[in-house]
Each structure stands twice: as structure tokens, then as C-alpha cells.
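K.L.:
What follows is final-v6.pdb, made up of PDB, C-alpha atoms:
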```
MODEL        1
ATOM      1  CA  MET K   1       0.000   0.000   0.000  1.00  0.00           C
ATOM      2  CA  ASP K   2       1.437   3.356  -1.021  1.00  0.00           C
ATOM      3  CA  GLN K   3       1.503   6.383   1.285  1.00  0.00           C
ATOM      4  CA  ALA K   4      -1.455   8.115  -0.372  1.00  0.00           C
ATOM      5  CA  THR K   5      -3.707   5.075   0.000  1.00  0.00           C
ATOM      6  CA  HIS K   6      -2.512   4.667   3.576  1.00  0.00           C
ATOM      7  CA  LEU K   7      -3.512   8.289   4.349  1.00  0.00           C
ATOM      8  CA  ILE K   8      -7.040   7.616   3.141  1.00  0.00           C
ATOM      9  CA  ARG K   9      -7.387   4.260   4.898  1.00  0.00           C
ATOM     10  CA  GLN K  10      -6.268   5.816   8.201  1.00  0.00           C
ATOM     11  CA  ALA K  11      -8.762   8.684   7.982  1.00  0.00           C
ATOM     12  CA  PRO K  12     -11.837   8.563  10.232  1.00  0.00           C
ATOM     13  CA  PHE K  13     -14.323   7.252   7.673  1.00  0.00           C
ATOM     14  CA  ASP K  14     -16.360   4.072   7.615  1.00  0.00           C
ATOM     15  CA  ARG K  15     -15.106   1.203   5.481  1.00  0.00           C
ATOM     16  CA  ALA K  16     -17.432   1.839   2.528  1.00  0.00           C
ATOM     17  CA  THR K  17     -16.494   5.523   2.390  1.00  0.00           C
ATOM     18  CA  ALA K  18     -12.771   4.754   2.646  1.00  0.00           C
ATOM     19  CA  HIS K  19     -13.136   2.264  -0.209  1.00  0.00           C
ATOM     20  CA  MET K  20     -14.897   4.872  -2.354  1.00  0.00           C
ATOM     21  CA  LEU K  21     -12.231   7.456  -1.531  1.00  0.00           C
ATOM     22  CA  CYS K  22      -9.487   5.012  -2.593  1.00  0.00           C
ATOM     23  CA  ARG K  23     -11.283   4.475  -5.919  1.00  0.00           C
ATOM     24  CA  VAL K  24     -11.486   8.243  -6.379  1.00  0.00           C
ATOM     25  CA  LEU K  25      -7.748   8.466  -5.651  1.00  0.00           C
ATOM     26  CA  ASP K  26      -6.927   5.833  -8.258  1.00  0.00           C
ATOM     27  CA  GLU K  27      -9.176   7.413 -10.890  1.00  0.00           C
ATOM     28  CA  GLY K  28      -7.936  10.933 -10.215  1.00  0.00           C
ATOM     29  CA  TRP K  29      -4.315   9.872 -10.210  1.00  0.00           C
ATOM     30  CA  ALA K  30      -4.775   8.028 -13.498  1.00  0.00           C
ATOM     31  CA  GLN K  31      -5.900  11.310 -15.069  1.00  0.00           C
ATOM     32  CA  ILE K  32      -2.766  13.263 -14.119  1.00  0.00           C
ATOM     33  CA  SER K  33       0.014  10.777 -13.385  1.00  0.00           C
ATOM     34  CA  THR K  34       1.837  11.465 -16.661  1.00  0.00           C
ATOM     35  CA  ARG K  35       2.448  15.034 -15.478  1.00  0.00           C
ATOM     36  CA  TYR K  36       4.833  13.737 -12.791  1.00  0.00           C
ATOM     37  CA  VAL K  37       8.316  12.424 -13.650  1.00  0.00           C
ATOM     38  CA  GLY K  38      10.246  10.188 -11.277  1.00  0.00           C
ATOM     39  CA  ALA K  39       9.342   8.319  -8.128  1.00  0.00           C
ATOM     40  CA  PRO K  40       9.653  11.252  -5.673  1.00  0.00           C
ATOM     41  CA  ALA K  41       7.448  13.501  -7.823  1.00  0.00           C
ATOM     42  CA  GLU K  42       4.913  10.708  -8.363  1.00  0.00           C
ATOM     43  CA  LYS K  43       4.736  10.047  -4.627  1.00  0.00           C
ATOM     44  CA  ALA K  44       4.243  13.758  -3.891  1.00  0.00           C
ATOM     45  CA  GLY K  45       1.639  14.133  -6.635  1.00  0.00           C
ATOM     46  CA  ARG K  46      -0.367  11.123  -5.534  1.00  0.00           C
ATOM     47  CA  CYS K  47      -0.250  12.349  -1.925  1.00  0.00           C
ATOM     48  CA  ASN K  48      -1.484  15.768  -3.102  1.00  0.00           C
ATOM     49  CA  VAL K  49      -4.469  14.083  -4.769  1.00  0.00           C
ATOM     50  CA  ALA K  50      -5.172  12.094  -1.592  1.00  0.00           C
ATOM     51  CA  ASP K  51      -4.904  15.228   0.540  1.00  0.00           C
ATOM     52  CA  GLY K  52      -7.401  17.039  -1.669  1.00  0.00           C
ATOM     53  CA  ILE K  53      -9.827  14.128  -1.501  1.00  0.00           C
ATOM     54  CA  LEU K  54      -9.533  13.980   2.277  1.00  0.00           C
ATOM     55  CA  ALA K  55      -9.957  17.737   2.700  1.00  0.00           C
ATOM     56  CA  TYR K  56     -13.169  17.796   0.674  1.00  0.00           C
ATOM     57  CA  ALA K  57     -14.493  14.573   2.224  1.00  0.00           C
ATOM     58  CA  ARG K  58     -13.883  15.956   5.737  1.00  0.00           C
ATOM     59  CA  ALA K  59     -15.963  18.971   4.696  1.00  0.00           C
ATOM     60  CA  GLY K  60     -18.832  16.557   4.030  1.00  0.00           C
ATOM     61  CA  GLN K  61     -18.577  15.916   0.283  1.00  0.00           C
ATOM     62  CA  ARG K  62     -19.390  12.335  -0.757  1.00  0.00           C
ATOM     63  CA  ASP K  63     -19.942  12.684  -4.498  1.00  0.00           C
ATOM     64  CA  PRO K  64     -17.042  10.770  -6.119  1.00  0.00           C
ATOM     65  CA  GLU K  65     -16.924  12.972  -9.226  1.00  0.00           C
ATOM     66  CA  ALA K  66     -16.880  16.186  -7.187  1.00  0.00           C
ATOM     67  CA  LEU K  67     -14.140  14.779  -4.959  1.00  0.00           C
ATOM     68  CA  LYS K  68     -12.065  13.752  -7.966  1.00  0.00           C
ATOM     69  CA  VAL K  69     -12.440  17.071  -9.778  1.00  0.00           C
ATOM     70  CA  TYR K  70     -11.507  19.012  -6.646  1.00  0.00           C
ATOM     71  CA  ALA K  71      -8.483  16.846  -5.829  1.00  0.00           C
ATOM     72  CA  VAL K  72      -7.135  16.736  -9.388  1.00  0.00           C
ATOM     73  CA  THR K  73      -7.587  20.475  -9.874  1.00  0.00           C
ATOM     74  CA  ARG K  74      -5.868  21.144  -6.566  1.00  0.00           C
ATOM     75  CA  ALA K  75      -2.958  18.808  -7.322  1.00  0.00           C
ATOM     76  CA  LEU K  76      -2.455  20.368 -10.755  1.00  0.00           C
ATOM     77  CA  SER K  77      -2.496  23.867  -9.273  1.00  0.00           C
ATOM     78  CA  LEU K  78       0.286  22.806  -6.907  1.00  0.00           C
ATOM     79  CA  LEU K  79       2.206  21.416  -9.875  1.00  0.00           C
ATOM     80  CA  GLY K  80       2.568  24.786 -11.531  1.00  0.00           C
ATOM     81  CA  PRO K  81       2.035  26.187 -15.014  1.00  0.00           C
ATOM     82  CA  PRO K  82       0.542  23.940 -17.738  1.00  0.00           C
ATOM     83  CA  GLY K  83       3.137  21.986 -19.676  1.00  0.00           C
ATOM     84  CA  ARG K  84       5.489  21.722 -16.725  1.00  0.00           C
ATOM     85  CA  LYS K  85       6.202  18.252 -15.423  1.00  0.00           C
ATOM     86  CA  ARG K  86       7.053  17.866 -11.762  1.00  0.00           C
ATOM     87  CA  GLY K  87      10.455  16.305 -11.331  1.00  0.00           C
ATOM     88  CA  ALA K  88      11.625  17.460 -14.739  1.00  0.00           C
ATOM     89  CA  ALA K  89      14.692  19.671 -14.844  1.00  0.00           C
TER
ENDMDL
END
```
Can you dump the structure from the file as C-alpha cells?
P.N.:
Amino acid sequence: MDQATHLIRQAPFDRATAHMLCRVLDEGWAQISTRYVGAPAEKAGRCNVADGILAYARAGQRDPEALKVYAVTRALSLLGPPGRKRGAA
């Protein structure tokens, strides 16, 4: 289990919600993973997606699509300008 998945599984949600949040993490990460180059950048990016999911879920959001859009948008905004790949020189 990677660190991002671990963060979600350790959060104070029931099992069904945690499972849904992990699916949202995997789907959201699949959308943006190519923007991150190298293991450290990938780990940071995936953790950023997880953090966004958790932040919105703690605020009461349970719609998977809304969670994914929020987390992906947030992670990409932390990445920087379009066209830039995290980890790239």
C-alpha cells in the first residue's frame, strides 16, 4: 500500500467511504500521473491528490466525481504552469 492510499485508509471514515475514496484516488491519479516524472514527484503528486480528496471529504462531500475534480484540480495547481512536469529539470 502506497503512502497516499494509507492516508485515506487511516482517515476517520467508515469502510465503505474509505473504499470509495481510494477508488477516487486511483481514478484521479490516473488522469494526471503522466504530469509527474520520477518516483519522488509521483509520490508527492499522488499524496497531493489524496490530501485534496480527504480535505473535501472531511468537509462533508461524498460525491465521487466532485471529490475527484476538486483533488485533481488542486494537485495540478500545486504542480505549476501547464506543460510543466514535476520532477523534470
K.L.:
Find the residues near Leu21 (chain K): any atom within 10 Å, counting all atoms listed in the file, skip ones fewer than 3 places away on the same chain, and give them as a short mmCIF file (atom, residue, chain, number, x, y, z; two decimals) with C-alpha atoms, in the frame of the given file.
P.N.:
```
data_model
loop_
_atom_site.label_atom_id
_atom_site.label_comp_id
_atom_site.auth_asym_id
_atom_site.auth_seq_id
_atom_site.Cartn_x
_atom_site.Cartn_y
_atom_site.Cartn_z
CA THR K 5 -3.71 5.08 0.00
CA ILE K 8 -7.04 7.62 3.14
CA ARG K 9 -7.39 4.26 4.90
CA PHE K 13 -14.32 7.25 7.67
CA ARG K 15 -15.11 1.20 5.48
CA ALA K 16 -17.43 1.84 2.53
CA THR K 17 -16.49 5.52 2.39
CA ALA K 18 -12.77 4.75 2.65
CA VAL K 24 -11.49 8.24 -6.38
CA LEU K 25 -7.75 8.47 -5.65
CA ASP K 26 -6.93 5.83 -8.26
CA GLU K 27 -9.18 7.41 -10.89
CA ALA K 50 -5.17 12.09 -1.59
CA ILE K 53 -9.83 14.13 -1.50
CA LEU K 54 -9.53 13.98 2.28
CA ALA K 57 -14.49 14.57 2.22
CA ARG K 62 -19.39 12.34 -0.76
CA ASP K 63 -19.94 12.68 -4.50
CA PRO K 64 -17.04 10.77 -6.12
CA LEU K 67 -14.14 14.78 -4.96
CA LYS K 68 -12.06 13.75 -7.97
#
```
K.L.:
Could you list the residues chosen by the PyMOL selection byres ((chain K and resi 49) around 10) in this structure as an MDAnalysis selection string?
P.N.:
chainID K and resid 4 24:26 28:29 32 44:48 50:55 67:76
K.L.:
Please, what distance in Å, to one decimal, runs between CA of Tyr56 (chain K) and CA of Gln3 (chain K)?
P.N.:
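Between these atoms lies a distance of 18.6 Å.
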K.L.:
Set up a box along x, y and z of the file covering all listed atoms of region 3-17 of chain K, add 5 Å on every one of the six sides, and write the centre and edge lengths in Å to one decimal, as AutoDock Vina command-line options.
P.N.:
```
--center_x -8.0 --center_y 4.9 --center_z 4.9 --size_x 28.9 --size_y 17.5 --size_z 20.6
```
K.L.:
Using all atoms listed in the file, which of the listed residues (K:Leu78, K:Ala66, K:Cys22, K:Ala30) sits closest to Asp2 (chain K)?
P.N.:
K:Cys22
